[in-house]
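Asks: Structure file query.cif (mmCIF, C-alpha atoms and all ligand atoms) right here:
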```
data_protein
#
loop_
_atom_site.group_PDB
_atom_site.id
_atom_site.type_symbol
_atom_site.label_atom_id
_atom_site.label_comp_id
_atom_site.auth_asym_id
_atom_site.auth_seq_id
_atom_site.Cartn_x
_atom_site.Cartn_y
_atom_site.Cartn_z
ATOM 1 C CA MET A 1 47.123 22.378 -14.917
ATOM 2 C CA LYS A 2 45.197 21.119 -17.940
ATOM 3 C CA ARG A 3 46.801 17.717 -17.490
ATOM 4 C CA LEU A 4 45.722 17.630 -13.812
ATOM 5 C CA SER A 5 42.106 18.422 -14.634
ATOM 6 C CA ASN A 6 42.153 15.755 -17.367
ATOM 7 C CA LEU A 7 43.466 13.289 -14.832
ATOM 8 C CA LEU A 8 40.702 14.203 -12.371
ATOM 9 C CA VAL A 9 38.073 13.696 -15.063
ATOM 10 C CA VAL A 10 39.311 10.134 -15.373
ATOM 11 C CA ILE A 11 39.952 9.430 -11.679
ATOM 12 C CA ILE A 12 36.744 10.767 -10.115
ATOM 13 C CA PRO A 13 34.363 8.470 -12.031
ATOM 14 C CA LEU A 14 36.680 5.543 -11.286
ATOM 15 C CA VAL A 15 36.603 6.331 -7.565
ATOM 16 C CA LEU A 16 32.816 6.659 -7.681
ATOM 17 C CA LEU A 17 32.545 3.382 -9.540
ATOM 18 C CA TRP A 18 34.739 1.674 -6.967
ATOM 19 C CA ALA A 19 32.700 3.174 -4.099
ATOM 20 C CA CYS A 20 29.490 1.901 -5.655
ATOM 21 C CA SER A 21 30.731 -1.576 -6.372
ATOM 22 C CA SER A 22 32.188 -1.901 -2.858
ATOM 23 C CA HIS A 23 28.696 -1.377 -1.374
ATOM 24 C CA PRO A 24 27.846 -4.807 0.102
ATOM 25 C CA TYR A 25 24.406 -4.786 -1.502
ATOM 26 C CA SER A 26 25.268 -3.273 -4.886
ATOM 27 C CA LYS A 27 24.660 -6.548 -6.714
ATOM 28 C CA THR A 28 21.299 -7.058 -4.981
ATOM 29 C CA ASN A 29 20.337 -3.493 -5.844
ATOM 30 C CA ARG A 30 21.191 -4.118 -9.491
ATOM 31 C CA ASP A 31 19.113 -7.311 -9.509
ATOM 32 C CA HIS A 32 16.273 -5.472 -7.762
ATOM 33 C CA ARG A 33 16.216 -2.821 -10.508
ATOM 34 C CA GLN A 34 16.220 -5.528 -13.147
ATOM 35 C CA GLN A 35 13.295 -7.324 -11.531
ATOM 36 C CA ALA A 36 11.354 -4.053 -11.133
ATOM 37 C CA LYS A 37 11.962 -3.297 -14.797
ATOM 38 C CA GLN A 38 10.539 -6.664 -15.740
ATOM 39 C CA TYR A 39 7.347 -6.026 -13.766
ATOM 40 C CA SER A 40 6.993 -2.502 -15.195
ATOM 41 C CA LYS A 41 7.245 -3.973 -18.673
ATOM 42 C CA GLU A 42 4.485 -6.439 -17.873
ATOM 43 C CA LEU A 43 2.256 -3.679 -16.458
ATOM 44 C CA ARG A 44 2.789 -1.468 -19.478
ATOM 45 C CA GLN A 45 1.692 -4.188 -21.868
ATOM 46 C CA PHE A 46 -1.526 -3.321 -23.661
ATOM 47 C CA PRO A 47 -3.627 -5.148 -24.649
ATOM 48 C CA PRO A 48 -2.862 -7.302 -21.604
ATOM 49 C CA ARG A 49 -1.385 -10.696 -22.353
ATOM 50 C CA HIS A 50 -3.785 -13.642 -22.083
ATOM 51 C CA GLY A 51 -2.605 -16.052 -19.420
ATOM 52 C CA GLY A 52 -4.112 -19.239 -20.818
ATOM 53 C CA ASP A 53 -7.601 -17.709 -20.689
ATOM 54 C CA ASP A 54 -8.252 -17.946 -24.397
ATOM 55 C CA SER A 55 -11.572 -19.617 -23.721
ATOM 56 C CA LEU A 56 -12.966 -16.252 -22.538
ATOM 57 C CA HIS A 57 -15.331 -14.604 -24.962
ATOM 58 C CA TYR A 58 -13.458 -11.338 -25.604
ATOM 59 C CA GLY A 59 -15.015 -8.556 -27.685
ATOM 60 C CA PRO A 60 -13.540 -7.745 -31.107
ATOM 61 C CA ILE A 61 -11.626 -4.607 -29.948
ATOM 62 C CA TRP A 62 -9.396 -3.693 -26.997
ATOM 63 C CA VAL A 63 -10.398 -0.620 -24.976
ATOM 64 C CA GLY A 64 -8.043 0.979 -22.463
ATOM 65 C CA THR A 65 -9.162 3.410 -19.778
ATOM 66 C CA THR A 66 -7.178 6.188 -18.141
ATOM 67 C CA ASN A 67 -9.272 6.013 -14.969
ATOM 68 C CA PHE A 68 -6.833 4.091 -12.799
ATOM 69 C CA ASN A 69 -3.973 4.282 -10.356
ATOM 70 C CA LEU A 70 -2.021 1.745 -8.326
ATOM 71 C CA ARG A 71 -3.659 -0.463 -5.685
ATOM 72 C CA LYS A 72 -2.872 0.694 -2.163
ATOM 73 C CA PRO A 73 -1.807 -1.254 0.901
ATOM 74 C CA ASN A 74 -4.558 -1.287 3.502
ATOM 75 C CA TYR A 75 -2.833 -2.995 6.468
ATOM 76 C CA VAL A 76 0.470 -2.758 8.301
ATOM 77 C CA VAL A 77 1.810 -5.998 9.781
ATOM 78 C CA ILE A 78 4.495 -5.617 12.451
ATOM 79 C CA HIS A 79 7.125 -8.286 13.162
ATOM 80 C CA HIS A 80 10.206 -8.870 15.257
ATOM 81 C CA THR A 81 13.116 -10.366 13.349
ATOM 82 C CA ALA A 82 14.189 -12.915 16.010
ATOM 83 C CA GLN A 83 17.727 -12.204 14.818
ATOM 84 C CA HIS A 84 20.740 -10.625 16.455
ATOM 85 C CA SER A 85 21.432 -7.634 14.249
ATOM 86 C CA VAL A 86 19.979 -5.551 11.500
ATOM 87 C CA ASP A 87 22.857 -6.664 9.242
ATOM 88 C CA GLN A 88 21.857 -10.281 9.705
ATOM 89 C CA THR A 89 18.268 -9.407 8.696
ATOM 90 C CA LEU A 90 19.283 -7.359 5.650
ATOM 91 C CA ARG A 91 21.410 -10.292 4.543
ATOM 92 C CA THR A 92 18.567 -12.781 5.115
ATOM 93 C CA PHE A 93 16.144 -10.662 3.102
ATOM 94 C CA THR A 94 18.519 -10.362 0.146
ATOM 95 C CA LEU A 95 19.257 -14.079 -0.220
ATOM 96 C CA PRO A 96 16.894 -15.473 -2.903
ATOM 97 C CA ARG A 97 16.747 -18.913 -1.253
ATOM 98 C CA THR A 98 15.149 -17.569 1.967
ATOM 99 C CA SER A 99 12.048 -16.294 0.100
ATOM 100 C CA VAL A 100 11.339 -13.796 2.878
ATOM 101 C CA SER A 101 11.333 -10.012 2.795
ATOM 102 C CA SER A 102 9.607 -6.953 4.180
ATOM 103 C CA HIS A 103 9.149 -3.394 3.028
ATOM 104 C CA TYR A 104 10.939 -1.898 6.010
ATOM 105 C CA VAL A 105 13.468 -3.034 8.611
ATOM 106 C CA ILE A 106 14.104 -0.847 11.651
ATOM 107 C CA GLY A 107 17.345 -1.239 13.591
ATOM 108 C CA ARG A 108 17.784 -1.020 17.359
ATOM 109 C CA ASN A 109 19.379 2.396 16.835
ATOM 110 C CA GLY A 110 16.283 3.646 14.998
ATOM 111 C CA GLU A 111 17.728 3.476 11.479
ATOM 112 C CA VAL A 112 15.075 2.666 8.885
ATOM 113 C CA TYR A 113 15.923 0.517 5.858
ATOM 114 C CA GLN A 114 13.379 0.489 3.067
ATOM 115 C CA MET A 115 13.870 -2.628 0.948
ATOM 116 C CA LEU A 116 10.823 -2.408 -1.319
ATOM 117 C CA ASN A 117 8.456 0.166 -2.736
ATOM 118 C CA ASP A 118 5.210 0.173 -0.696
ATOM 119 C CA TYR A 119 3.289 -0.876 -3.812
ATOM 120 C CA TYR A 120 5.173 -4.144 -4.242
ATOM 121 C CA ARG A 121 4.114 -7.349 -2.522
ATOM 122 C CA ALA A 122 6.672 -8.389 0.100
ATOM 123 C CA TRP A 123 6.889 -11.915 1.501
ATOM 124 C CA HIS A 124 6.477 -11.379 5.222
ATOM 125 C CA GLY A 125 3.061 -12.768 6.230
ATOM 126 C CA GLY A 126 3.132 -16.359 5.031
ATOM 127 C CA ILE A 127 0.030 -18.436 5.638
ATOM 128 C CA GLY A 128 -2.363 -16.360 7.700
ATOM 129 C CA LYS A 129 -5.815 -14.902 8.001
ATOM 130 C CA TRP A 130 -7.370 -11.734 9.369
ATOM 131 C CA GLY A 131 -11.133 -11.501 9.072
ATOM 132 C CA ASN A 132 -11.789 -13.063 5.682
ATOM 133 C CA ASN A 133 -8.504 -11.847 4.224
ATOM 134 C CA GLU A 134 -6.270 -14.841 3.569
ATOM 135 C CA ASP A 135 -3.594 -13.057 1.538
ATOM 136 C CA LEU A 136 -2.261 -10.339 3.793
ATOM 137 C CA ASN A 137 0.924 -10.040 1.733
ATOM 138 C CA SER A 138 -1.149 -8.607 -1.119
ATOM 139 C CA SER A 139 -2.759 -5.907 0.979
ATOM 140 C CA SER A 140 -0.191 -5.029 3.629
ATOM 141 C CA ILE A 141 3.114 -3.344 4.314
ATOM 142 C CA GLY A 142 5.505 -5.457 6.376
ATOM 143 C CA ILE A 143 7.729 -3.869 9.003
ATOM 144 C CA GLU A 144 10.421 -5.942 10.694
ATOM 145 C CA LEU A 145 11.839 -4.743 13.997
ATOM 146 C CA ASP A 146 15.393 -5.651 14.938
ATOM 147 C CA ASN A 147 14.836 -7.719 18.090
ATOM 148 C CA ASN A 148 15.983 -11.166 19.209
ATOM 149 C CA GLY A 149 12.451 -12.190 20.074
ATOM 150 C CA TYR A 150 12.644 -11.812 23.858
ATOM 151 C CA GLU A 151 14.239 -8.475 24.657
ATOM 152 C CA PRO A 152 12.471 -5.120 25.109
ATOM 153 C CA PHE A 153 12.313 -2.827 22.065
ATOM 154 C CA SER A 154 14.694 0.125 22.209
ATOM 155 C CA GLU A 155 13.266 3.611 22.565
ATOM 156 C CA GLU A 156 14.994 4.738 19.345
ATOM 157 C CA LEU A 157 13.417 1.865 17.432
ATOM 158 C CA ILE A 158 9.906 2.643 18.711
ATOM 159 C CA GLU A 159 10.298 6.368 17.972
ATOM 160 C CA SER A 160 11.348 5.576 14.396
ATOM 161 C CA LEU A 161 8.510 3.082 14.042
ATOM 162 C CA LEU A 162 5.965 5.701 15.129
ATOM 163 C CA ASP A 163 7.407 8.221 12.642
ATOM 164 C CA LEU A 164 7.184 5.620 9.871
ATOM 165 C CA LEU A 165 3.622 4.635 10.811
ATOM 166 C CA HIS A 166 2.521 8.283 10.656
ATOM 167 C CA VAL A 167 3.977 8.558 7.143
ATOM 168 C CA LEU A 168 2.361 5.306 5.969
ATOM 169 C CA LYS A 169 -1.034 6.080 7.487
ATOM 170 C CA ASP A 170 -1.097 9.500 5.805
ATOM 171 C CA ARG A 171 0.313 8.247 2.514
ATOM 172 C CA HIS A 172 -2.090 5.326 2.078
ATOM 173 C CA GLY A 173 -5.048 6.195 4.320
ATOM 174 C CA ILE A 174 -4.649 2.983 6.332
ATOM 175 C CA PRO A 175 -7.523 2.539 8.843
ATOM 176 C CA THR A 176 -6.624 2.742 12.537
ATOM 177 C CA ALA A 177 -7.766 -0.823 13.244
ATOM 178 C CA ASN A 178 -5.531 -2.245 10.494
ATOM 179 C CA PHE A 179 -2.197 -1.929 12.302
ATOM 180 C CA ILE A 180 -1.666 -5.489 13.523
ATOM 181 C CA GLY A 181 1.029 -7.998 14.429
ATOM 182 C CA HIS A 182 2.239 -11.153 12.729
ATOM 183 C CA SER A 183 0.896 -13.264 15.640
ATOM 184 C CA ASP A 184 -2.543 -11.716 15.087
ATOM 185 C CA ILE A 185 -2.735 -13.034 11.517
ATOM 186 C CA ALA A 186 -0.991 -16.364 12.163
ATOM 187 C CA PRO A 187 -1.925 -17.324 15.759
ATOM 188 C CA SER A 188 -0.915 -20.961 15.528
ATOM 189 C CA ARG A 189 2.488 -20.242 13.931
ATOM 190 C CA LYS A 190 3.829 -16.903 15.103
ATOM 191 C CA VAL A 191 4.558 -15.049 18.334
ATOM 192 C CA ASP A 192 5.885 -11.758 16.992
ATOM 193 C CA PRO A 193 6.152 -9.012 17.963
ATOM 194 C CA ASN A 194 6.955 -10.274 21.467
ATOM 195 C CA ALA A 195 5.075 -9.380 24.653
ATOM 196 C CA ASN A 196 7.322 -6.335 25.255
ATOM 197 C CA PHE A 197 5.875 -4.595 22.217
ATOM 198 C CA PRO A 198 4.056 -1.368 23.237
ATOM 199 C CA TRP A 199 0.712 -1.894 21.481
ATOM 200 C CA LYS A 200 -1.024 0.485 23.905
ATOM 201 C CA LYS A 201 1.381 3.311 23.054
ATOM 202 C CA LEU A 202 0.799 2.672 19.341
ATOM 203 C CA ALA A 203 -2.979 2.774 19.827
ATOM 204 C CA GLU A 204 -2.649 6.097 21.658
ATOM 205 C CA GLU A 205 -0.982 7.464 18.529
ATOM 206 C CA GLY A 206 -3.704 6.097 16.228
ATOM 207 C CA PHE A 207 -2.205 2.756 15.186
ATOM 208 C CA GLY A 208 -4.431 -0.146 16.229
ATOM 209 C CA LEU A 209 -7.322 -0.240 18.682
ATOM 210 C CA TRP A 210 -7.153 -0.582 22.459
ATOM 211 C CA TYR A 211 -9.716 -1.219 25.171
ATOM 212 C CA ASP A 212 -11.004 1.463 27.503
ATOM 213 C CA ASP A 213 -9.298 1.358 30.883
ATOM 214 C CA ILE A 214 -12.716 1.647 32.453
ATOM 215 C CA ALA A 215 -13.449 -1.848 31.170
ATOM 216 C CA VAL A 216 -11.229 -3.417 33.788
ATOM 217 C CA THR A 217 -11.593 -0.966 36.680
ATOM 218 C CA PRO A 218 -12.915 -0.566 39.239
ATOM 219 C CA LYS A 219 -12.884 -4.151 40.419
ATOM 220 C CA VAL A 220 -15.949 -4.033 42.568
ATOM 221 C CA LEU A 221 -17.253 -7.514 42.110
ATOM 222 C CA GLY A 222 -14.759 -9.499 44.114
ATOM 223 C CA ASP A 223 -13.960 -13.148 43.554
ATOM 224 C CA SER A 224 -15.862 -13.655 40.309
ATOM 225 C CA LEU A 225 -13.145 -11.627 38.589
ATOM 226 C CA LYS A 226 -10.574 -14.321 39.203
ATOM 227 C CA VAL A 227 -12.566 -17.146 37.653
ATOM 228 C CA GLN A 228 -10.873 -18.761 34.677
ATOM 229 C CA ASP A 229 -12.541 -21.018 32.191
ATOM 230 C CA GLN A 230 -10.820 -23.605 30.055
ATOM 231 C CA ASP A 231 -13.842 -24.015 27.787
ATOM 232 C CA LEU A 232 -13.122 -21.281 25.300
ATOM 233 C CA THR A 233 -16.121 -21.901 23.093
ATOM 234 C CA ARG A 234 -18.812 -21.608 25.776
ATOM 235 C CA THR A 235 -20.980 -18.484 25.843
ATOM 236 C CA ARG A 236 -20.388 -16.845 29.206
ATOM 237 C CA GLN A 237 -22.360 -14.473 31.311
ATOM 238 C CA LEU A 238 -20.689 -11.825 33.363
ATOM 239 C CA ARG A 239 -22.010 -9.557 36.023
ATOM 240 C CA VAL A 240 -20.190 -6.264 35.585
ATOM 241 C CA ALA A 241 -20.425 -2.795 37.068
ATOM 242 C CA LYS A 242 -22.398 -0.469 34.791
ATOM 243 C CA SER A 243 -19.455 1.914 34.791
ATOM 244 C CA GLU A 244 -17.406 -0.789 33.073
ATOM 245 C CA VAL A 245 -19.545 -0.960 29.982
ATOM 246 C CA MET A 246 -21.563 2.258 29.906
ATOM 247 C CA VAL A 247 -20.459 5.864 29.839
ATOM 248 C CA GLY A 248 -21.839 7.538 32.935
ATOM 249 C CA GLY A 249 -22.822 4.212 34.500
ATOM 250 C CA SER A 250 -22.348 3.857 38.217
ATOM 251 C CA SER A 251 -19.739 1.512 39.666
ATOM 252 C CA THR A 252 -22.253 0.249 42.226
ATOM 253 C CA ASP A 253 -24.996 -0.705 39.765
ATOM 254 C CA SER A 254 -24.393 -4.042 38.136
ATOM 255 C CA LEU A 255 -25.390 -5.487 34.795
ATOM 256 C CA ASP A 256 -25.354 -8.925 33.147
ATOM 257 C CA ILE A 257 -23.588 -9.240 29.804
ATOM 258 C CA THR A 258 -23.325 -12.266 27.546
ATOM 259 C CA ILE A 259 -20.246 -12.972 25.468
ATOM 260 C CA ASN A 260 -19.157 -15.818 23.244
ATOM 261 C CA PRO A 261 -15.335 -15.697 23.080
ATOM 262 C CA ARG A 262 -15.126 -17.350 19.675
ATOM 263 C CA GLU A 263 -17.553 -14.898 18.084
ATOM 264 C CA ALA A 264 -15.917 -11.902 19.752
ATOM 265 C CA LEU A 265 -12.421 -12.914 18.608
ATOM 266 C CA ARG A 266 -13.708 -13.602 15.110
ATOM 267 C CA ILE A 267 -15.288 -10.151 14.898
ATOM 268 C CA ILE A 268 -11.986 -8.561 15.908
ATOM 269 C CA GLY A 269 -10.330 -10.505 13.063
ATOM 270 C CA TYR A 270 -8.733 -13.599 14.607
ATOM 271 C CA ASP A 271 -8.801 -16.957 12.866
ATOM 272 C CA THR A 272 -10.683 -19.000 15.480
ATOM 273 C CA SER A 273 -10.280 -22.419 13.876
ATOM 274 C CA ASP A 274 -7.730 -23.106 16.650
ATOM 275 C CA MET A 275 -9.258 -21.411 19.691
ATOM 276 C CA PRO A 276 -6.359 -21.896 22.164
ATOM 277 C CA ALA A 277 -4.022 -20.315 19.564
ATOM 278 C CA ALA A 278 -6.458 -17.450 18.930
ATOM 279 C CA VAL A 279 -6.758 -16.740 22.664
ATOM 280 C CA ARG A 280 -2.967 -16.814 23.079
ATOM 281 C CA ALA A 281 -2.554 -14.353 20.174
ATOM 282 C CA PHE A 282 -5.252 -12.076 21.597
ATOM 283 C CA LYS A 283 -3.538 -12.117 25.001
ATOM 284 C CA LEU A 284 -0.079 -11.545 23.482
ATOM 285 C CA HIS A 285 -1.433 -8.351 21.921
ATOM 286 C CA PHE A 286 -3.830 -7.021 24.562
ATOM 287 C CA ILE A 287 -2.916 -8.629 27.911
ATOM 288 C CA GLN A 288 0.803 -9.256 27.430
ATOM 289 C CA LYS A 289 1.522 -10.458 30.992
ATOM 290 C CA ASP A 290 0.163 -13.959 30.538
ATOM 291 C CA ILE A 291 -0.649 -15.760 27.317
ATOM 292 C CA GLN A 292 -2.166 -18.987 28.636
ATOM 293 C CA PRO A 293 -5.153 -20.149 26.564
ATOM 294 C CA VAL A 294 -7.707 -19.398 29.276
ATOM 295 C CA LEU A 295 -9.863 -16.325 29.771
ATOM 296 C CA SER A 296 -10.403 -14.819 33.205
ATOM 297 C CA ASP A 297 -13.447 -12.634 33.754
ATOM 298 C CA ASP A 298 -11.232 -9.548 33.551
ATOM 299 C CA GLU A 299 -9.855 -10.703 30.218
ATOM 300 C CA LEU A 300 -13.374 -11.424 28.995
ATOM 301 C CA LYS A 301 -14.368 -7.868 29.851
ATOM 302 C CA ILE A 302 -11.440 -6.567 27.809
ATOM 303 C CA LEU A 303 -12.520 -8.813 24.945
ATOM 304 C CA TYR A 304 -16.116 -7.589 25.272
ATOM 305 C CA ASN A 305 -15.021 -3.949 25.275
ATOM 306 C CA LEU A 306 -12.758 -4.447 22.265
ATOM 307 C CA TYR A 307 -15.103 -6.436 20.115
ATOM 308 C CA GLN A 308 -17.707 -3.692 20.422
ATOM 309 C CA LYS A 309 -15.162 -1.320 18.883
ATOM 310 C CA TYR A 310 -14.671 -3.666 15.931
ATOM 311 C CA LEU A 311 -18.402 -4.228 15.340
HETATM 312 ZN ZN ZN B 401 6.957 -12.206 11.620
#
```
Taking this structure as input, can you express it in the form of structure tokens?
Replies:
Amino acid sequence: MKRLSNLLVVIIPLVLLWACSSHPYSKTNRDHRQQAKQYSKELRQFPPRHGGDDSLHYGPIWVGTTNFNLRKPNYVVIHHTAQHSVDQTLRTFTLPRTSVSSHYVIGRNGEVYQMLNDYYRAWHGGIGKWGNNEDLNSSSIGIELDNNGYEPFSEELIESLLDLLHVLKDRHGIPTANFIGHSDIAPSRKVDPNANFPWKKLAEEGFGLWYDDIAVTPKVLGDSLKVQDQDLTRTRQLRVAKSEVMVGGSSTDSLDITINPREALRIIGYDTSDMPAAVRAFKLHFIQKDIQPVLSDDELKILYNLYQKYL
């Protein structure tokens, strides 16, 4: 009996060791820990190391403060993977040569993979801009959704995403308006998440803003609603029903409003240096049926309603 228990003492750790090393990502996990350790070491260093800034006129003593914590993410950027499986994405994000990653990956079946601590900077945004923020990777959490780029998002995936967003919003106090898509921050380069993404449902749960339905109904003004304008930089005037822009306004009284699409998109956050791209990104997020770089009067009313919320 004693011999058996001795044998088990030897065998069990060996089995555990084998189980761990057979994990397809065990090497990556080891490297991840090593890298994290390196960064922790750097953060712990006091006085902080000079990075070639010896020309600065430092005082004669070093003074540390205890009044600090870690910087928090303030945005969530949502992506689709444009790949065929969650395994393919996990592999892509663990290959050093790809230089891409995200904090979370959500599979079609709703499984959530966390690949990085929220406080680390993932490489998911690339070159982009939202408002005056040109380094979204430094201030955001990236979430990649398992989707080939064209298909609808599975119900399980969206349910898991909403659960995760609730956790992140509570944990970091992320403002409602700061839940955005990759195409929003990189209009001329990116089209994710695709037009099937339920932005309205997210906004109903407190993640991102949405326009008031009243802004596009009732359609009482006939043909002018169908007008499209290719000149995206021109200030336009619209005659709208009062009920479309004012609480308690009547649908029979009309009102003239003035809107400059470039200014309105800029206030929402879009980089408007390429206006057709900015309009396409706006429509991918808020219109979703058509993403041509033109703005109908209906779409302008949606833009007008939204930009007032961002003011
Ligand atoms: Zn993306």
Asks: Using all atoms listed in the file, find each protein or nucleic acid residue lying at most 10 Å from ligand ZN 401 (chain B); present the set as a PyMOL selection string.
Replies: chain A and resi 77-82+100+102+124-126+142-145+181-183+185-186+189-193
Asks: So which one's closest to Lys169 (chain A), A:Leu136, A:Ile268, A:Ile141, A:Ile106? Using all atoms listed in the file, please.
Replies: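 Using all atoms listed in the file, the shortest distance to Lys169 (chain A) belongs to A:Ile141.
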Asks: Please determine, counting all atoms listed in the file, which residue among A:Arg280, A:Asn132, A:Glu204, A:Gly64 has the shortest atom-to-atom distance to Gln45 (chain A).
Replies: A:Gly64
Asks: As an exercise, work out the distance from CA of Arg108 (chain A) to CA of Trp123 (chain A) in Å and give it to one decimal place.
Replies: 22.1 Å
Asks: Would you kindly return, as a ChimeraX atom specification, each protein, DNA or RNA residue with an atom no farther than 8 Å from any atom of Ile257 (chain A), considering only C-alpha atoms and excluding same-chain residues fewer than 2 positions away?
Replies: /A:237-240,255,259
Asks: Which residue, A:Ile302, A:Leu284, A:Ala241, A:Val105, has the smallest gap to Thr92 (chain A) when you use all atoms listed in the file?
Replies: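 Nearest candidate to Thr92 (chain A) out of A:Ile302, A:Leu284, A:Ala241, A:Val105: A:Val105.
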Asks: Draw an axis-aligned box over all listed atoms of region 101-105 of chain A, pad each side with 3 Å, and write its centre and edge lengths in Å, one decimal, as JSON.
Replies:
```
{"center_x": 11.3, "center_y": -6.0, "center_z": 5.7, "size_x": 10.3, "size_y": 14.1, "size_z": 11.8}
```
Asks: Applied to the shown file, which residues does the PyMOL selection byres (((chain A and resi 75) around 9) and not hetatm) return, written as a PyMOL selection string?
Replies: chain A and resi 73-74+76-77+136+139-142+174-175+177-180
Asks: Using all atoms listed in the file, determine which residues lie at most 10 Å from Arg171 (chain A), disregarding the query and same-chain residues fewer than 6 positions distant; provide the list as JSON, numbers by chain.
Replies: {"A": [72, 73, 118, 165]}
Asks: At what distance in Å, to one decimal, does CA of Leu202 (chain A) lie from CA of Glu299 (chain A)?
Replies: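 Those two atoms sit 20.3 Å apart.
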